[in-house]
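Asker: Pasting coords_18.txt below, which is compact mmCIF, C-alpha atoms and all ligand atoms.
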# COMPACT_ATOMS: atom_id res chain seq x y z
CA MET U 185 -55.91 -55.85 110.64
CA ASN U 186 -53.78 -57.40 107.97
CA PRO U 187 -50.05 -56.99 108.71
CA SER U 188 -49.05 -58.30 105.29
CA ALA U 189 -50.95 -55.39 103.69
CA PHE U 190 -48.63 -53.06 105.62
CA LEU U 191 -45.71 -54.92 104.15
CA ALA U 192 -47.19 -54.78 100.65
CA LEU U 193 -47.60 -51.03 100.97
CA GLN U 194 -44.04 -50.73 102.25
CA ASP U 195 -42.64 -52.76 99.33
CA ILE U 196 -44.48 -50.55 96.84
CA ASP U 197 -43.29 -47.36 98.52
CA SER U 198 -39.73 -48.68 98.63
CA ALA U 199 -39.95 -49.42 94.91
CA LEU U 200 -41.26 -45.88 94.30
CA ASP U 201 -38.39 -44.48 96.38
CA ALA U 202 -35.88 -46.54 94.41
CA ASN U 203 -37.41 -45.27 91.18
CA ALA U 204 -37.10 -41.63 92.33
CA HIS U 205 -33.55 -42.24 93.53
CA LYS U 206 -32.55 -43.75 90.20
CA ARG U 207 -33.88 -40.93 88.01
CA PRO U 208 -31.21 -38.26 88.61
CA ARG U 209 -28.44 -40.89 88.68
CA LEU U 210 -29.03 -42.61 85.36
CA PRO U 211 -25.88 -43.41 83.36
CA GLU U 212 -27.92 -42.42 80.30
CA GLY U 213 -28.46 -39.02 81.97
CA ALA U 214 -24.76 -38.59 82.68
CA HIS U 215 -23.93 -39.53 79.09
CA HIS U 216 -26.47 -37.04 77.75
CA GLN U 217 -25.08 -34.34 80.03
CA GLN U 218 -21.53 -35.05 78.89
CA LEU U 219 -22.45 -34.86 75.20
CA THR U 220 -24.34 -31.62 75.84
CA ALA U 221 -21.27 -30.11 77.50
CA GLU U 222 -19.00 -31.31 74.69
CA LEU U 223 -21.25 -29.83 72.04
CA ALA U 224 -21.36 -26.52 73.93
CA GLN U 225 -17.57 -26.56 74.06
CA LEU U 226 -17.34 -27.26 70.33
CA ARG U 227 -19.68 -24.35 69.60
CA GLN U 228 -17.58 -22.11 71.84
CA GLN U 229 -14.41 -23.12 70.00
CA MET U 230 -16.16 -22.35 66.70
CA ALA U 231 -17.12 -18.91 68.00
CA GLN U 232 -13.50 -18.34 69.04
CA ALA U 233 -12.26 -19.36 65.58
CA GLN U 234 -14.81 -17.04 63.97
CA ALA U 235 -13.68 -14.17 66.22
CA ARG U 236 -10.08 -14.86 65.17
CA ILE U 237 -11.10 -14.72 61.49
CA ASP U 238 -13.06 -11.50 62.04
CA ALA U 239 -10.16 -9.85 63.88
CA ALA U 240 -7.77 -10.83 61.07
CA GLN U 241 -10.22 -9.49 58.48
CA ALA U 242 -10.43 -6.20 60.35
CA ALA U 243 -6.61 -6.02 60.47
CA ILE U 244 -6.41 -6.69 56.71
CA GLU U 245 -8.92 -3.95 55.97
CA ALA U 246 -7.14 -1.48 58.28
CA ALA U 247 -3.79 -2.21 56.61
CA GLU U 248 -5.28 -1.80 53.14
CA HIS U 249 -6.95 1.43 54.12
CA ALA U 250 -3.73 2.85 55.57
CA ALA U 251 -1.76 1.70 52.50
CA ALA U 252 -4.21 3.42 50.17
CA ALA U 253 -3.84 6.66 52.13
CA LEU U 254 -0.04 6.40 51.86
CA THR U 255 -0.27 5.74 48.12
CA THR U 256 -2.36 8.86 47.65
CA LYS U 257 0.17 10.86 49.62
CA ARG U 258 3.07 9.40 47.63
CA THR U 259 1.38 10.17 44.29
CA ARG U 260 0.99 13.76 45.43
CA LEU U 261 4.65 13.96 46.50
CA GLU U 262 5.82 12.41 43.21
CA ALA U 263 3.86 15.01 41.25
CA GLN U 264 5.37 17.72 43.43
CA LEU U 265 8.86 16.27 42.82
CA LYS U 266 8.49 16.80 39.08
CA THR U 267 7.87 20.51 39.59
CA VAL U 268 10.62 21.41 42.07
CA ILE U 269 13.92 22.73 40.83
CA ALA U 270 15.89 23.32 44.03
CA PRO U 271 17.95 20.16 44.79
CA ARG U 272 17.49 20.51 48.54
CA GLU U 273 13.69 20.59 48.15
CA ALA U 274 13.87 17.58 45.81
CA GLU U 275 15.96 15.71 48.34
CA ALA U 276 13.48 16.43 51.10
CA LEU U 277 10.62 15.16 48.93
CA MET U 278 12.55 12.03 47.99
CA HIS U 279 13.24 11.41 51.66
CA GLU U 280 9.52 11.73 52.44
CA ILE U 281 8.75 9.27 49.64
CA ASP U 282 11.29 6.81 51.06
CA VAL U 283 9.65 7.05 54.49
CA ILE U 284 6.26 6.35 52.90
CA ASN U 285 7.67 3.37 51.02
CA ALA U 286 9.06 1.96 54.25
CA GLN U 287 5.70 2.46 55.96
CA ARG U 288 3.94 0.76 53.05
CA SER U 289 6.32 -2.14 53.28
CA ASP U 290 5.50 -2.51 57.01
CA LEU U 291 1.81 -2.42 56.20
CA ASP U 292 2.26 -5.12 53.56
CA ASP U 293 3.98 -7.31 56.16
CA GLN U 294 1.13 -6.72 58.60
CA GLU U 295 -1.42 -7.58 55.94
CA LEU U 296 0.41 -10.81 55.06
CA ALA U 297 0.56 -11.80 58.71
CA ALA U 298 -3.17 -11.08 59.05
CA LEU U 299 -3.89 -13.15 55.94
CA ASP U 300 -1.97 -16.05 57.48
CA GLU U 301 -3.88 -15.62 60.71
CA GLN U 302 -7.17 -15.57 58.81
CA GLY U 303 -6.21 -18.72 56.90
CA GLU U 304 -5.36 -20.54 60.13
CA GLY U 305 -8.62 -19.41 61.69
CA GLU U 306 -10.57 -20.65 58.68
CA ALA U 307 -8.83 -24.02 58.74
CA THR U 308 -9.57 -24.37 62.45
CA LEU U 309 -13.19 -23.38 61.94
CA ALA U 310 -13.60 -25.83 59.07
CA ALA U 311 -12.17 -28.69 61.16
CA LEU U 312 -14.53 -27.85 64.04
CA GLN U 313 -17.50 -27.54 61.70
CA ALA U 314 -16.74 -30.96 60.27
CA GLU U 315 -17.22 -32.46 63.75
CA LEU U 316 -20.55 -30.73 64.32
CA PRO U 317 -23.03 -33.03 62.50
CA GLU U 318 -21.69 -36.18 64.19
CA ARG U 319 -21.75 -34.55 67.63
CA GLU U 320 -25.27 -33.25 67.09
CA ALA U 321 -26.48 -36.66 65.95
CA ALA U 322 -24.86 -38.35 68.97
CA LEU U 323 -26.55 -35.90 71.32
CA ALA U 324 -29.93 -36.40 69.66
CA GLN U 325 -29.53 -40.14 70.01
CA ALA U 326 -28.51 -39.85 73.66
CA ALA U 327 -31.58 -37.66 74.28
CA GLU U 328 -33.77 -40.32 72.70
CA VAL U 329 -32.26 -43.10 74.82
CA LEU U 330 -32.64 -40.99 77.98
CA GLN U 331 -36.26 -40.24 77.09
CA SER U 332 -37.02 -43.91 76.65
CA VAL U 333 -35.48 -44.72 80.06
CA HIS U 334 -37.58 -41.93 81.59
CA ASP U 335 -40.65 -43.34 79.88
CA GLN U 336 -39.91 -46.75 81.41
CA LEU U 337 -39.52 -45.20 84.86
CA ASP U 338 -42.76 -43.25 84.37
CA ALA U 339 -44.58 -46.44 83.39
CA GLU U 340 -43.16 -48.17 86.46
CA VAL U 341 -44.40 -45.31 88.68
CA ALA U 342 -47.87 -45.48 87.14
CA GLU U 343 -48.01 -49.23 87.71
CA LEU U 344 -46.74 -48.92 91.31
CA GLN U 345 -49.23 -46.17 92.06
CA SER U 346 -52.11 -48.28 90.89
CA GLN U 347 -50.79 -51.17 93.02
CA ARG U 348 -50.45 -48.78 95.93
CA ALA U 349 -54.04 -47.61 95.64
CA ALA U 350 -55.16 -51.25 95.67
CA ALA U 351 -52.96 -52.12 98.68
CA ALA U 352 -54.04 -49.03 100.63
CA GLY U 353 -57.65 -49.95 99.85
CA THR U 354 -57.34 -53.09 101.97
CA LEU U 355 -56.45 -50.99 105.05
CA THR U 356 -58.64 -48.67 107.10
CA GLU U 357 -57.98 -44.96 107.12
CA ALA U 358 -56.50 -45.21 110.62
CA GLU U 359 -54.21 -48.03 109.52
CA VAL U 360 -53.00 -46.06 106.52
CA ALA U 361 -52.35 -43.10 108.84
CA LEU U 362 -50.38 -45.37 111.17
CA TYR U 363 -48.43 -46.73 108.23
CA GLU U 364 -47.59 -43.21 107.02
CA ARG U 365 -46.54 -42.21 110.52
CA VAL U 366 -44.04 -45.06 110.98
CA ARG U 367 -42.78 -44.66 107.43
CA HIS U 368 -42.06 -41.02 108.17
CA GLN U 369 -40.60 -41.81 111.59
CA PHE U 370 -38.15 -44.33 110.11
CA HIS U 371 -37.26 -42.25 107.05
CA GLY U 372 -38.95 -44.36 104.44
CA VAL U 373 -38.93 -47.87 105.85
CA GLY U 374 -41.36 -48.24 108.74
CA VAL U 375 -42.37 -51.84 108.09
CA ALA U 376 -39.81 -54.63 108.14
CA ARG U 377 -39.80 -58.37 107.60
CA LEU U 378 -38.69 -60.94 110.10
CA GLU U 379 -36.15 -62.82 108.01
CA GLY U 380 -34.87 -65.87 109.83
CA GLY U 381 -33.85 -64.38 113.14
CA HIS U 382 -33.22 -60.82 112.05
CA CYS U 383 -35.14 -57.66 111.23
CA SER U 384 -34.93 -56.47 107.60
CA GLY U 385 -35.32 -52.87 108.84
CA CYS U 386 -32.43 -52.55 111.27
CA HIS U 387 -30.62 -55.76 110.22
CA MET U 388 -30.19 -56.71 113.89
CA GLU U 389 -30.22 -60.33 114.91
CA LEU U 390 -32.98 -60.80 117.48
CA SER U 391 -32.26 -62.78 120.62
CA ALA U 392 -34.29 -65.90 121.37
CA ARG U 393 -36.26 -63.93 123.96
CA GLU U 394 -36.93 -61.09 121.50
CA LEU U 395 -38.02 -63.60 118.89
CA ASP U 396 -40.44 -65.12 121.36
CA ILE U 397 -41.92 -61.68 122.04
CA VAL U 398 -42.44 -61.07 118.30
CA LYS U 399 -43.89 -64.53 117.73
CA ALA U 400 -46.20 -64.17 120.71
CA VAL U 401 -48.10 -61.40 118.92
CA PRO U 402 -51.26 -62.98 117.53
CA ALA U 403 -51.61 -63.17 113.73
CA GLY U 404 -53.65 -60.21 112.57
CA GLU U 405 -51.98 -57.87 115.04
CA LEU U 406 -48.95 -55.70 114.48
CA ALA U 407 -45.67 -56.73 116.08
CA GLU U 408 -42.82 -54.33 116.74
CA CYS U 409 -39.13 -55.03 116.27
CA PRO U 410 -37.66 -55.04 119.82
CA GLN U 411 -34.44 -53.59 118.40
CA CYS U 412 -35.58 -50.69 116.21
CA GLY U 413 -39.27 -50.25 116.89
CA ARG U 414 -40.39 -50.75 113.29
CA ILE U 415 -43.51 -52.74 112.54
CA ILE U 416 -42.19 -56.22 111.89
CA VAL U 417 -44.12 -58.75 109.85
CA ARG U 418 -43.55 -62.48 110.11
ZN ZN F 501 -35.55 -53.82 113.56
Re-express the file's structure as structure tokens.

Answerer:
Amino acid sequence: MNPSAFLALQDIDSALDANAHKRPRLPEGAHHQQLTAELAQLRQQMAQAQARIDAAQAAIEAAEHAAAALTTKRTRLEAQLKTVIAPREAEALMHEIDVINAQRSDLDDQELAALDEQGEGEATLAALQAELPEREAALAQAAEVLQSVHDQLDAEVAELQSQRAAAAGTLTEAEVALYERVRHQFHGVGVARLEGGHCSGCHMELSARELDIVKAVPAGELAECPQCGRIIVR
């Protein structure tokens, strides 16, 4: 039995746990996530600007279509006006033409407003589009940085796993099973160090009597922390 092999295994597993803990909490990951969200927001704003342009375009076309219909009607009424003789009939036709002219004038106003709206939408879209290449490049760069940090963590895991296989190889199957059991029992850290007078697992200061108990365990046998019950290695 080699207690320090238990400790070696524990140190490797703790390093693997720290690696796994770090991965979803990387500042590079948060930065990448933020840039992704910002780019999505920019694209959404661009879609909104495009929808504004499209709606204005539809309003322009509708106004032009309605104006053309009114023009046709007015041309017909004007032709009719030339043929009528009765003043009352002529007056009625002229009134109808006036109404059409007023409607056309309203349509012209609507079309102008829609043209303004379209121009504003286009200016907004152009400003947003101008931001796009820089934002895309920043995101690509952040993705690259994140990937390289992940690669480093992966390399660290591979190295730790090879160390772990070597460390576990110095223990018997029963000892590895015992190690796994205490690690599970103590939620990751089943083997502690005796550091000065305290246990690195529970951080309790051991009394002189407790220290004597731990030190009385012969080298090559496993001692237990009298405070927490973890395997404690001198
Ligand atoms: Zn302890």

Asker: Considering only C-alpha atoms, state which residue in the set U:Ile416, U:Leu296, U:Cys409, U:Leu312 is at the smallest distance from U:Arg227.

Answerer: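 Answer, going by the shortest atom-to-atom distance: U:Leu312.
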
Asker: Neighbouring residues of ligand ZN 501 (chain F) are defined here as those with any atom at most 10 Å from a ligand atom, counting all atoms listed in the file; list them as a list in words.

Answerer: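 Sorted by chain and then by number, the residues are Gly374, Val375, Ala376, Arg377, Leu378, His382, Cys383, Ser384, Gly385, Cys386, His387, Met388, Glu389, Leu390, Glu408, Cys409, Pro410, Gln411, Cys412, Gly413, Arg414, Ile415 and Ile416 of chain U.
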
Asker: Between atom CA of U:Ser188 and atom CA of U:Asn203, what is the distance, to one decimal in Å?

Answerer: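 Separation of atom CA of U:Ser188 and atom CA of U:Asn203: 22.5 Å.
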
Asker: Rank U:Asp238, U:Val360, U:Ala324, U:His334 by their smallest atom-to-atom distance to U:Arg348, using all atoms listed in the file, and report the top residue only.

Answerer: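 Looking at the shortest contact to U:Arg348, the residue is U:Val360.
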
Asker: So the first atom is atom CA of U:Ala314 and the second is atom CA of U:Gln232; what is the distance between them in Å, to one decimal place?

Answerer: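 Going from atom CA of U:Ala314 over to atom CA of U:Gln232, I get 15.7 Å.
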
Asker: Tell me which of U:Leu193, U:Leu210, U:Ala407, U:Ala233 sits closest to U:Gly303, counting all atoms listed in the file.

Answerer: U:Ala233

Asker: Hey, can you check how far atom CA of U:Leu395 sits from atom CA of U:Ala352?

Answerer: 28.3 Å

Asker: Tell me which of U:Ala263, U:Ala192, U:Met185, U:Ala307 sits closest to U:Ala349, counting only C-alpha atoms.

Answerer: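 So, comparing all the options, the nearest one is U:Ala192.
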
Asker: Compare U:Ser391, U:Gly353, U:Val373, U:Gln345 by their minimum atom-to-atom distance to U:Asn186, counting all atoms listed in the file, and give me the closest one.

Answerer: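 That would be U:Gly353, the residue with the smallest distance to U:Asn186.
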
Asker: For U:Glu222, please output as a list in words all residues within 10 Å (counting all atoms listed in the file; exclusion window: fewer than 6 positions along the same chain).

Answerer: His216, Gln228, Arg319 and Leu323 of chain U

Asker: Which residue is closest to U:Gln302? Choose from U:Leu344, U:Ala270, U:Ala339, U:Ile244 and count only C-alpha atoms.

Answerer: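 The answer is U:Ile244, which sits nearest to U:Gln302.
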
Asker: Considering all atoms listed in the file, return as a list in words whatever protein or nucleic-acid residues lie within 10 Å of U:Ala274, sequence-local ones (same chain, fewer than 4 positions apart) excluded.

Answerer: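 Answer for this query is Leu261, Glu262, Gln264, Leu265, Lys266, Thr267, Val268, Ile269, Ala270, Met278, His279 and Glu280 of chain U.
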
Asker: Can you pull out every residue within 9 Å of stretch 291-294 of chain U, counting only C-alpha atoms, but drop anything in the same chain fewer than 2 positions away, and send it as a list in words?

Answerer: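 Surrounding residues, per the criterion: Ala243, Ile244, Ala247, Glu248, Ala250, Ala251, Ala286, Gln287, Arg288, Ser289, Leu296, Ala297, Ala298 and Leu299 of chain U.
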
Asker: Find the residues near U:Asp335: any atom within 12 Å, counting only C-alpha atoms, skip ones fewer than 6 places away on the same chain, and give them as a PyMOL selection string.

Answerer: chain U and resi 203+207+328-329+341-342

Asker: Given 5 Å of margin on each side, can you work out the centre and size in Å (one decimal) of an axis-aligned box holding every listed atom of stretch 213-222 of chain U, as AutoDock Vina command-line options?

Answerer:
--center_x -23.7 --center_y -34.8 --center_z 78.7 --size_x 19.5 --size_y 19.4 --size_z 18.0
